[in-house]
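Just start.cif here, mmCIF, C-alpha atoms:
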```cif
data_my_file
loop_
_atom_site.label_atom_id
_atom_site.label_comp_id
_atom_site.auth_asym_id
_atom_site.auth_seq_id
_atom_site.Cartn_x
_atom_site.Cartn_y
_atom_site.Cartn_z
CA MET A 213 -1.47 -10.29 -18.49
CA TYR A 214 0.56 -7.18 -17.65
CA SER A 215 3.29 -9.32 -16.03
CA SER A 216 4.87 -10.25 -19.36
CA PHE A 217 4.59 -6.67 -20.64
CA TYR A 218 6.57 -5.40 -17.65
CA LYS A 219 8.78 -8.52 -17.54
CA LEU A 220 7.65 -9.55 -14.06
CA LYS A 221 8.05 -13.07 -12.70
CA THR A 222 4.63 -13.06 -11.03
CA LYS A 223 1.66 -10.85 -10.30
CA PRO A 224 2.77 -8.37 -7.60
CA PHE A 225 -0.60 -7.19 -6.29
CA GLN A 226 -2.74 -10.28 -5.93
CA LEU A 227 -5.40 -10.09 -3.21
CA ASN A 228 -4.81 -13.57 -1.78
CA PRO A 229 -2.31 -13.30 1.11
CA ASP A 230 1.03 -14.77 0.03
CA PRO A 231 3.74 -14.89 2.74
CA LYS A 232 6.52 -14.27 0.26
CA PHE A 233 5.13 -10.75 -0.19
CA PHE A 234 5.02 -10.07 3.56
CA PHE A 235 6.09 -6.49 4.24
CA ASN A 236 7.66 -5.79 7.61
CA SER A 237 6.24 -2.35 8.31
CA GLY A 238 6.68 -0.94 11.79
CA GLY A 239 3.19 -2.07 12.82
CA HIS A 240 3.39 -5.50 11.20
CA LYS A 241 6.81 -6.12 12.70
CA ARG A 242 5.50 -5.36 16.19
CA ALA A 243 2.38 -7.46 15.66
CA LEU A 244 4.48 -10.43 14.53
CA SER A 245 6.67 -9.96 17.59
CA TYR A 246 3.57 -10.21 19.79
CA LEU A 247 2.56 -13.44 18.07
CA ARG A 248 6.05 -14.87 18.56
CA TYR A 249 5.96 -13.81 22.20
CA GLY A 250 2.66 -15.57 22.60
CA LEU A 251 4.14 -18.75 21.13
CA GLU A 252 7.01 -18.60 23.60
CA GLN A 253 4.58 -18.18 26.52
CA GLY A 254 2.58 -21.15 25.27
CA GLU A 255 -0.65 -20.21 27.01
CA GLY A 256 -3.64 -17.88 27.01
CA PHE A 257 -4.89 -15.65 24.21
CA ILE A 258 -3.03 -13.25 21.94
CA VAL A 259 -5.40 -10.68 20.43
CA VAL A 260 -4.59 -8.75 17.23
CA THR A 261 -7.16 -6.32 15.87
CA GLY A 262 -7.28 -3.99 12.89
CA SER A 263 -9.52 -2.54 10.20
CA PRO A 264 -10.42 -4.76 7.21
CA GLY A 265 -7.53 -5.15 4.79
CA THR A 266 -4.74 -4.12 7.18
CA GLY A 267 -2.96 -7.47 6.86
CA LYS A 268 -4.06 -9.66 9.79
CA THR A 269 -4.40 -12.81 7.68
CA MET A 270 -1.01 -12.14 6.09
CA LEU A 271 0.45 -12.05 9.62
CA VAL A 272 -0.97 -15.50 10.30
CA LYS A 273 0.50 -16.94 7.10
CA ALA A 274 3.87 -15.36 7.85
CA LEU A 275 3.77 -16.88 11.34
CA PHE A 276 2.79 -20.30 10.00
CA ASN A 277 5.85 -20.23 7.76
CA GLU A 278 8.02 -19.97 10.88
CA LEU A 279 6.37 -22.75 12.86
CA ASP A 280 8.28 -25.93 13.59
CA SER A 281 5.77 -28.75 13.04
CA ARG A 282 7.82 -30.88 15.44
CA LYS A 283 6.83 -28.51 18.27
CA VAL A 284 3.51 -26.96 17.25
CA VAL A 285 0.35 -28.33 15.64
CA ALA A 286 -1.49 -25.38 14.14
CA GLY A 287 -5.04 -25.01 12.91
CA GLN A 288 -6.91 -22.05 11.50
CA LEU A 289 -10.55 -21.16 11.89
CA VAL A 290 -12.34 -18.41 9.97
CA SER A 291 -15.23 -17.76 12.32
CA THR A 292 -18.83 -17.19 11.37
CA GLN A 293 -22.02 -16.53 13.32
CA VAL A 294 -22.42 -20.01 14.79
CA ASP A 295 -23.42 -21.22 18.23
CA ALA A 296 -20.99 -22.57 20.79
CA GLU A 297 -21.46 -26.23 19.87
CA ASP A 298 -20.90 -25.54 16.17
CA THR A 299 -17.76 -23.63 17.11
CA LEU A 300 -16.45 -26.80 18.76
CA ARG A 301 -17.29 -28.69 15.55
CA LEU A 302 -15.36 -26.17 13.46
CA ILE A 303 -12.36 -26.40 15.80
CA SER A 304 -12.48 -30.20 15.60
CA ALA A 305 -12.65 -30.02 11.80
CA SER A 306 -9.63 -27.67 11.65
CA PHE A 307 -7.54 -30.38 13.34
CA GLY A 308 -8.95 -33.22 11.25
CA LEU A 309 -11.12 -34.71 14.00
CA ALA A 310 -14.58 -36.23 13.62
CA HIS A 311 -17.20 -33.53 14.06
CA GLU A 312 -20.46 -34.37 12.31
CA LYS A 313 -23.47 -35.64 14.26
CA ILE A 314 -21.48 -35.88 17.50
CA ALA A 315 -22.68 -34.75 20.91
CA LYS A 316 -20.97 -31.79 22.58
CA ALA A 317 -19.57 -33.96 25.38
CA THR A 318 -17.95 -36.24 22.81
CA LEU A 319 -16.53 -33.28 20.88
CA LEU A 320 -14.89 -31.97 24.07
CA LYS A 321 -13.54 -35.40 24.98
CA ASN A 322 -12.07 -35.91 21.51
CA LEU A 323 -10.40 -32.49 21.60
CA GLU A 324 -8.94 -33.14 25.06
CA THR A 325 -7.58 -36.50 23.91
CA PHE A 326 -6.07 -34.85 20.82
CA PHE A 327 -4.42 -32.12 22.93
CA ARG A 328 -2.97 -34.60 25.45
CA THR A 329 -1.69 -36.94 22.74
CA ARG A 330 0.15 -34.06 21.06
CA ALA A 331 1.54 -32.98 24.45
CA LYS A 332 2.97 -36.45 25.04
CA GLU A 333 4.70 -36.09 21.67
CA GLY A 334 6.26 -32.85 22.91
CA ARG A 335 4.01 -30.64 20.78
CA ARG A 336 1.52 -27.89 21.61
CA VAL A 337 -1.74 -27.15 19.82
CA LEU A 338 -2.30 -23.66 18.41
CA LEU A 339 -5.61 -22.40 17.00
CA VAL A 340 -5.70 -19.15 15.03
CA VAL A 341 -9.18 -17.67 14.84
CA ASP A 342 -9.61 -15.19 12.00
CA GLU A 343 -12.57 -12.78 11.90
CA ALA A 344 -12.96 -13.28 15.65
CA GLN A 345 -15.46 -10.40 15.84
CA ASN A 346 -18.04 -12.83 14.45
CA LEU A 347 -17.73 -15.21 17.42
CA PRO A 348 -20.70 -15.20 19.82
CA LEU A 349 -19.77 -14.58 23.46
CA GLN A 350 -20.56 -18.19 24.34
CA SER A 351 -18.06 -19.38 21.71
CA LEU A 352 -15.35 -17.26 23.34
CA GLU A 353 -16.24 -18.93 26.63
CA GLU A 354 -15.79 -22.33 24.99
CA LEU A 355 -12.33 -21.29 23.83
CA ARG A 356 -11.52 -20.18 27.36
CA MET A 357 -12.62 -23.57 28.70
CA LEU A 358 -10.41 -25.35 26.17
CA SER A 359 -7.45 -23.28 27.38
CA ASN A 360 -7.88 -24.94 30.82
CA PHE A 361 -6.58 -28.27 29.52
CA GLU A 362 -3.12 -29.03 30.95
CA HIS A 363 -0.49 -31.74 30.86
CA ASP A 364 2.25 -31.90 33.50
CA ASN A 365 1.04 -28.51 34.79
CA LYS A 366 1.56 -26.90 31.37
CA SER A 367 -1.08 -25.50 29.04
CA ILE A 368 -1.53 -27.66 25.95
CA PHE A 369 -3.89 -25.45 23.94
CA GLN A 370 -3.48 -21.83 22.90
CA SER A 371 -5.53 -19.42 20.77
CA PHE A 372 -4.64 -16.38 18.67
CA LEU A 373 -7.67 -14.17 18.05
CA LEU A 374 -7.60 -11.88 15.01
CA GLY A 375 -10.51 -9.52 14.58
CA GLN A 376 -11.74 -6.19 13.31
CA GLU A 377 -11.89 -3.09 15.47
CA GLU A 378 -15.23 -3.95 17.07
CA PHE A 379 -13.65 -7.05 18.63
CA ARG A 380 -11.80 -4.77 21.05
CA ALA A 381 -15.15 -3.69 22.49
CA THR A 382 -16.22 -7.34 22.78
CA ILE A 383 -13.11 -8.31 24.75
CA ASN A 384 -13.48 -5.27 27.03
CA SER A 385 -17.16 -5.90 27.80
CA PRO A 386 -17.98 -6.73 31.46
CA SER A 387 -19.16 -10.26 30.59
CA MET A 388 -15.73 -11.11 29.15
CA GLU A 389 -13.78 -10.65 32.40
CA GLN A 390 -12.67 -14.28 32.60
CA VAL A 391 -11.61 -14.32 28.95
CA ARG A 392 -9.78 -11.01 29.42
CA GLN A 393 -7.81 -12.50 32.31
CA ARG A 394 -6.42 -15.11 29.91
CA VAL A 395 -5.21 -12.52 27.37
CA THR A 396 -1.41 -12.30 27.57
CA ALA A 397 -0.94 -9.60 24.90
CA THR A 398 -2.97 -7.41 22.55
CA PHE A 399 -2.02 -5.34 19.54
CA HIS A 400 -4.00 -3.07 17.21
CA LEU A 401 -2.76 -3.03 13.63
CA LYS A 402 -3.02 0.34 11.89
CA PRO A 403 -2.82 1.26 8.17
CA LEU A 404 0.53 2.20 6.62
CA GLU A 405 1.92 5.72 6.69
CA MET A 406 2.74 7.58 3.45
CA ASP A 407 6.41 6.53 3.37
CA GLU A 408 5.46 2.96 4.27
CA THR A 409 2.90 2.88 1.46
CA LYS A 410 5.61 3.74 -1.06
CA ALA A 411 7.99 1.17 0.45
CA TYR A 412 5.20 -1.44 0.48
CA ILE A 413 4.47 -0.97 -3.24
CA GLN A 414 8.17 -1.09 -4.15
CA HIS A 415 8.66 -4.19 -1.98
CA ARG A 416 5.88 -6.10 -3.71
CA LEU A 417 7.10 -5.01 -7.13
CA ALA A 418 10.68 -6.01 -6.32
CA THR A 419 9.51 -9.40 -5.02
CA ALA A 420 7.78 -9.92 -8.37
CA GLY A 421 10.99 -9.16 -10.30
CA TRP A 422 10.40 -5.46 -11.01
CA ASN A 423 13.22 -3.55 -12.74
CA ASN A 424 11.74 -0.04 -12.42
CA ASP A 425 9.34 -0.67 -15.31
CA PRO A 426 6.90 0.91 -14.94
CA GLU A 427 8.34 3.79 -13.00
CA PHE A 428 6.05 5.27 -10.34
CA THR A 429 6.39 9.03 -9.89
CA PRO A 430 6.28 10.65 -6.41
CA GLU A 431 2.94 12.23 -7.32
CA ALA A 432 1.52 8.81 -8.20
CA PHE A 433 2.52 7.46 -4.79
CA LYS A 434 0.80 10.42 -3.14
CA GLU A 435 -2.41 9.80 -5.10
CA ILE A 436 -2.31 6.10 -4.20
CA TYR A 437 -1.95 6.96 -0.52
CA ARG A 438 -4.69 9.59 -0.71
CA PHE A 439 -7.12 7.08 -2.19
CA THR A 440 -6.21 4.05 -0.04
CA GLN A 441 -5.19 5.75 3.22
CA GLY A 442 -2.47 3.13 3.58
CA THR A 443 -4.71 0.04 3.77
CA PRO A 444 -2.72 -2.82 2.15
CA ARG A 445 -5.70 -4.56 0.54
CA LYS A 446 -6.87 -1.31 -1.04
CA ILE A 447 -3.32 -0.61 -2.21
CA ASN A 448 -3.18 -4.02 -3.88
CA THR A 449 -6.51 -3.47 -5.64
CA LEU A 450 -5.59 -0.01 -6.89
CA CYS A 451 -2.06 -0.91 -7.99
CA ASP A 452 -3.30 -3.99 -9.81
CA ARG A 453 -5.69 -1.76 -11.75
CA LEU A 454 -2.90 0.75 -12.36
CA MET A 455 -0.61 -1.91 -13.78
CA LEU A 456 -3.39 -3.14 -16.06
CA TYR A 457 -4.09 0.43 -17.14
CA GLY A 458 -0.39 0.94 -17.85
CA PHE A 459 -0.31 -2.22 -19.94
CA LEU A 460 -3.36 -1.26 -22.01
CA GLU A 461 -2.04 2.26 -22.53
CA GLU A 462 1.54 1.00 -23.08
CA LEU A 463 2.88 3.22 -20.30
CA HIS A 464 6.32 2.85 -18.78
CA LYS A 465 5.74 5.61 -16.26
CA ILE A 466 2.81 5.69 -13.84
CA ASP A 467 2.21 9.35 -12.98
CA LYS A 468 -0.47 11.25 -11.12
CA ALA A 469 -2.66 11.53 -14.22
CA ALA A 470 -2.75 7.74 -14.61
CA ALA A 471 -3.45 7.26 -10.91
CA VAL A 472 -6.28 9.81 -10.95
CA THR A 473 -7.82 8.16 -14.01
CA VAL A 474 -7.90 4.76 -12.33
CA THR A 475 -9.09 6.03 -8.95
CA SER A 476 -11.90 7.87 -10.72
CA GLU A 477 -12.93 4.67 -12.48
CA MET A 478 -12.89 2.81 -9.17
CA LYS A 479 -15.11 5.39 -7.49
CA GLU A 480 -17.86 5.26 -10.06
CA ASP A 481 -18.99 3.27 -13.01
CA ALA A 482 -18.37 4.69 -16.43
CA ALA A 483 -20.82 7.54 -16.85
CA PRO A 484 -23.07 7.60 -19.96
CA VAL A 485 -21.81 9.78 -22.76
CA LYS A 486 -23.14 13.26 -22.29
CA GLY A 487 -23.65 15.86 -24.96
CA SER A 488 -25.47 16.19 -28.25
CA LYS A 489 -27.69 13.48 -29.75
CA GLY A 490 -27.56 14.86 -33.28
CA LYS A 491 -28.74 18.38 -32.54
CA VAL A 492 -25.70 20.59 -32.76
CA ALA A 493 -25.75 24.30 -32.19
CA ALA A 494 -22.84 26.49 -33.12
CA PRO A 495 -21.07 27.91 -30.06
CA ALA A 496 -21.87 31.52 -29.25
CA SER A 497 -18.22 32.40 -29.67
CA VAL A 498 -18.26 30.98 -33.20
CA SER A 499 -21.46 32.87 -34.12
CA ALA A 500 -20.01 36.07 -32.75
CA ALA A 501 -16.80 35.51 -34.67
CA VAL A 502 -18.59 35.20 -38.02
CA SER A 503 -20.92 38.10 -37.40
CA PRO A 504 -18.62 40.63 -39.09
CA ILE A 505 -18.35 38.31 -42.10
CA THR A 506 -22.10 37.82 -42.49
CA THR A 507 -22.68 41.54 -42.37
CA ALA A 508 -19.87 42.45 -44.69
CA PRO A 509 -21.26 44.42 -47.69
CA ALA A 510 -19.26 42.46 -50.24
CA GLN A 511 -20.65 39.05 -49.13
CA THR A 512 -23.57 37.63 -51.13
CA ALA A 513 -26.50 35.75 -49.63
CA GLN A 514 -25.24 32.48 -51.13
CA GLU A 515 -21.82 33.02 -49.58
CA ARG A 516 -23.45 33.64 -46.21
CA LEU A 517 -25.44 30.41 -46.53
CA ASN A 518 -22.31 28.47 -47.49
CA ASN A 519 -20.41 29.99 -44.60
CA ASP A 520 -23.17 29.15 -42.11
CA ASP A 521 -23.33 25.61 -43.45
CA LEU A 522 -19.55 25.22 -43.06
CA ILE A 523 -19.74 26.47 -39.47
CA ARG A 524 -22.48 23.98 -38.65
CA ARG A 525 -20.54 21.12 -40.23
CA VAL A 526 -17.34 22.02 -38.36
CA ALA A 527 -19.23 22.25 -35.08
CA GLN A 528 -20.92 18.92 -35.77
CA LEU A 529 -17.57 17.32 -36.61
CA GLU A 530 -16.02 18.65 -33.39
CA SER A 531 -18.94 17.29 -31.40
CA THR A 532 -18.62 13.90 -33.09
CA VAL A 533 -14.87 13.75 -32.36
CA GLU A 534 -15.48 14.64 -28.71
CA SER A 535 -18.19 12.00 -28.47
CA LEU A 536 -15.85 9.39 -29.98
CA LYS A 537 -13.14 10.31 -27.47
CA LYS A 538 -15.56 9.81 -24.57
CA THR A 539 -16.81 6.55 -26.05
CA LEU A 540 -13.24 5.29 -26.48
CA LYS A 541 -12.42 6.22 -22.89
CA LYS A 542 -15.56 4.45 -21.69
CA GLU A 543 -14.78 1.31 -23.71
CA ARG A 544 -11.20 1.22 -22.42
CA ALA A 545 -12.51 1.44 -18.86
CA LEU A 546 -14.99 -1.36 -19.54
CA LEU A 547 -12.23 -3.43 -21.13
CA ARG A 548 -10.08 -3.05 -18.02
CA LYS A 549 -12.99 -4.08 -15.83
CA ALA A 550 -13.75 -7.08 -18.05
CA ILE A 551 -10.13 -8.21 -17.89
CA LEU A 552 -10.08 -7.81 -14.10
CA LEU A 553 -13.28 -9.82 -13.78
CA HIS A 554 -11.86 -12.53 -16.02
CA LEU A 555 -8.65 -12.70 -13.98
CA GLU A 556 -10.57 -12.81 -10.69
CA MET A 557 -12.78 -15.64 -11.97
CA GLY A 558 -9.68 -17.49 -13.06
CA GLU A 559 -8.12 -17.14 -9.63
CA GLU A 560 -11.31 -18.33 -7.94
CA ALA A 561 -11.47 -21.34 -10.23
CA GLU A 562 -7.85 -22.15 -9.44
CA GLU A 563 -8.56 -21.91 -5.71
CA ASP A 564 -11.54 -24.28 -6.09
CA LEU A 565 -9.28 -26.78 -7.81
CA LEU A 566 -6.69 -26.49 -5.06
CA ASP A 567 -9.37 -26.93 -2.41
#
```
Any chance you could put this one into structure tokens?
Amino acid sequence: MYSSFYKLKTKPFQLNPDPKFFFNSGGHKRALSYLRYGLEQGEGFIVVTGSPGTGKTMLVKALFNELDSRKVVAGQLVSTQVDAEDTLRLISASFGLAHEKIAKATLLKNLETFFRTRAKEGRRVLLVVDEAQNLPLQSLEELRMLSNFEHDNKSIFQSFLLGQEEFRATINSPSMEQVRQRVTATFHLKPLEMDETKAYIQHRLATAGWNNDPEFTPEAFKEIYRFTQGTPRKINTLCDRLMLYGFLEELHKIDKAAAVTVTSEMKEDAAPVKGSKGKVAAPASVSAAVSPITTAPAQTAQERLNNDDLIRRVAQLESTVESLKKTLKKERALLRKAILLHLEMGEEAEEDLLD
């Protein structure tokens, strides 16, 4: 919607990870280097952790773009709270193997056959497990057992484990000693710094065809960082709302005021209109101001009544105008939310079609 208004080629702040928007921050560059190192080693586990929204899934997609399918067969598993046997079924499904109503021994045999067949073709099998913090300990043990498969004294199965911060505690627990011995590298992904946040926003805008319209002021960048604390997913959400706000308000400069307006909307739902419900009292300052007039000797009783009536009408008009302003602000906020909801539903529908 706002893309055409700002003459962009595509939406710059979509939530779905798109490798073409990958931003090589210091942390993401190092994390990607660890993943590449793990690929070169060809064995064991590489563990990458980070808070929600820091870009772990984007790392995986960026890595997948680099993979040579002639050398690596890659699968991805988004883990859930399942038992060890169901984990094996999910792994089998990620590589297109039969997995329903099959005994555990058969699942293991099929996976081993698949690994060895790929090895004879000169290819290795890589499994990327996203949301690894959800894996039960027994499932991690199953992954460790799969890593024991070899061909010509070389490992033929490797796992990358991506998880939230609590996964670090899981890996370091005493019961995970054998798994920990198979970990060849670990990296903890942190949120962006202030200067990286600005560069990240400009990078995504530039990738979408941005020509400095809208312009983001330094104060706007500071407000964005204050609200998001450098978490990429939060930055995307906020900036998407900012761009929509700019479109609806026909802004070509996003300043601190615009950023504060949107962050306030995101923190709380539109508050009900406060103020008078028809009963309007003249402000004390107004009453005091007319006091000399009402007590002036030359003023008749009728004039005083007319004057008081005028004051009440002016005060009522001012109250009505203020109420209309608040209502308009509320309706604009609701309109932005309705548009966002519509766009999100559209994206979900598109994903369902693609699936």
I'd like the neighbourhood of Leu358 of chain A as a compact mmCIF listing (two decimals) with C-alpha atoms, in the frame of the given file, where a residue qualifies if any of its atoms comes within 12 Å (using only C-alpha atoms), though same-chain residues fewer than 2 positions away should be ignored.
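In the end it all went to out.txt:
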```txt
# COMPACT_ATOMS: atom_id res chain seq x y z
CA GLU A 255 -0.65 -20.21 27.01
CA GLY A 256 -3.64 -17.88 27.01
CA PHE A 257 -4.89 -15.65 24.21
CA THR A 299 -17.76 -23.63 17.11
CA LEU A 300 -16.45 -26.80 18.76
CA ILE A 303 -12.36 -26.40 15.80
CA SER A 304 -12.48 -30.20 15.60
CA LEU A 319 -16.53 -33.28 20.88
CA LEU A 320 -14.89 -31.97 24.07
CA LYS A 321 -13.54 -35.40 24.98
CA ASN A 322 -12.07 -35.91 21.51
CA LEU A 323 -10.40 -32.49 21.60
CA GLU A 324 -8.94 -33.14 25.06
CA THR A 325 -7.58 -36.50 23.91
CA PHE A 326 -6.07 -34.85 20.82
CA PHE A 327 -4.42 -32.12 22.93
CA ARG A 328 -2.97 -34.60 25.45
CA VAL A 337 -1.74 -27.15 19.82
CA LEU A 338 -2.30 -23.66 18.41
CA LEU A 339 -5.61 -22.40 17.00
CA SER A 351 -18.06 -19.38 21.71
CA LEU A 352 -15.35 -17.26 23.34
CA GLU A 353 -16.24 -18.93 26.63
CA GLU A 354 -15.79 -22.33 24.99
CA LEU A 355 -12.33 -21.29 23.83
CA ARG A 356 -11.52 -20.18 27.36
CA ASN A 360 -7.88 -24.94 30.82
CA PHE A 361 -6.58 -28.27 29.52
CA GLU A 362 -3.12 -29.03 30.95
CA SER A 367 -1.08 -25.50 29.04
CA ILE A 368 -1.53 -27.66 25.95
CA PHE A 369 -3.89 -25.45 23.94
CA GLN A 370 -3.48 -21.83 22.90
CA SER A 371 -5.53 -19.42 20.77
CA VAL A 391 -11.61 -14.32 28.95
CA ARG A 394 -6.42 -15.11 29.91
```
In terms of the shortest atom-to-atom distance over only C-alpha atoms, which of A:Ala545, A:Met357, A:Val395, A:Leu251 is closest to Ala296 of chain A?
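Using only C-alpha atoms, Ala296 of chain A sits closest to A:Met357.
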List the residues selected by the PyMOL selection byres ((chain A and resi 221) around 7) in the file shown, writing them as a list in words.
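On the file shown, the PyMOL selection byres ((chain A and resi 221) around 7) covers Ser215, Lys219, Leu220, Thr222, Ala420 and Gly421 of chain A.
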Could you tell me which residues the PyMOL selection byres ((chain A and resi 465) around 10) returns for this structure, as a ChimeraX atom specification?
/A:424-429,432,458,462-464,466-468,470
With C-alpha atoms retained, write the just-selected residues as a CSV table (one decimal), in the coordinates of the input.
```csv
chain,number,residue,atom,x,y,z
A,424,ASN,CA,11.7,0.0,-12.4
A,425,ASP,CA,9.3,-0.7,-15.3
A,426,PRO,CA,6.9,0.9,-14.9
A,427,GLU,CA,8.3,3.8,-13.0
A,428,PHE,CA,6.0,5.3,-10.3
A,429,THR,CA,6.4,9.0,-9.9
A,432,ALA,CA,1.5,8.8,-8.2
A,458,GLY,CA,-0.4,0.9,-17.8
A,462,GLU,CA,1.5,1.0,-23.1
A,463,LEU,CA,2.9,3.2,-20.3
A,464,HIS,CA,6.3,2.8,-18.8
A,466,ILE,CA,2.8,5.7,-13.8
A,467,ASP,CA,2.2,9.4,-13.0
A,468,LYS,CA,-0.5,11.2,-11.1
A,470,ALA,CA,-2.8,7.7,-14.6
```
Quick one: residues within 8 Å of Asn277 of chain A, all atoms listed in the file, excluding same-chain residues fewer than 3 positions away - as a compact mmCIF listing (two decimals) with C-alpha atoms, keeping the file's coordinate frame?
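Output contents, as saved in part38.txt:
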```txt
# COMPACT_ATOMS: atom_id res chain seq x y z
CA PRO A 231 3.74 -14.89 2.74
CA LYS A 273 0.50 -16.94 7.10
CA ALA A 274 3.87 -15.36 7.85
```
Take the PyMOL selection byres ((chain A and resi 290-293) around 6), apply it to the structure above, and return the hits as a list in words.
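Applying the PyMOL selection byres ((chain A and resi 290-293) around 6) to the structure shown produces Leu289, Val294, Val341, Asp342, Glu343 and Asn346 of chain A.
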Based on the selection just made, write C-alpha atoms of those residues as a short mmCIF file (atom, residue, chain, number, x, y, z; two decimals), in the frame of the given file.
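And here is the file that came out, out-v2.cif:
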```
data_model
loop_
_atom_site.label_atom_id
_atom_site.label_comp_id
_atom_site.auth_asym_id
_atom_site.auth_seq_id
_atom_site.Cartn_x
_atom_site.Cartn_y
_atom_site.Cartn_z
CA LEU A 289 -10.55 -21.16 11.89
CA VAL A 294 -22.42 -20.01 14.79
CA VAL A 341 -9.18 -17.67 14.84
CA ASP A 342 -9.61 -15.19 12.00
CA GLU A 343 -12.57 -12.78 11.90
CA ASN A 346 -18.04 -12.83 14.45
#
```
So which residues are close to (8.3, -28.2, 19.9), meaning at most 6 Å away in the file's coordinates with all atoms listed in the file counted, and can you show them as a PyMOL selection string?
chain A and resi 282-284+334-335
Could you name the residues that touch Lys402 of chain A at 12 Å or less, counting all atoms listed in the file, but leaving out those on the same chain fewer than 2 positions away, as a VMD selection string?
chain A and resid 237 to 243 260 to 268 376 to 377 399 to 400 404 to 405 408 441 to 444
What separation in Å, quoted to one decimal, exists between atom CA of Pro224 of chain A and atom CA of Tyr437 of chain A?
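Taking atom CA of Pro224 of chain A and atom CA of Tyr437 of chain A, their separation equals 17.5 Å.
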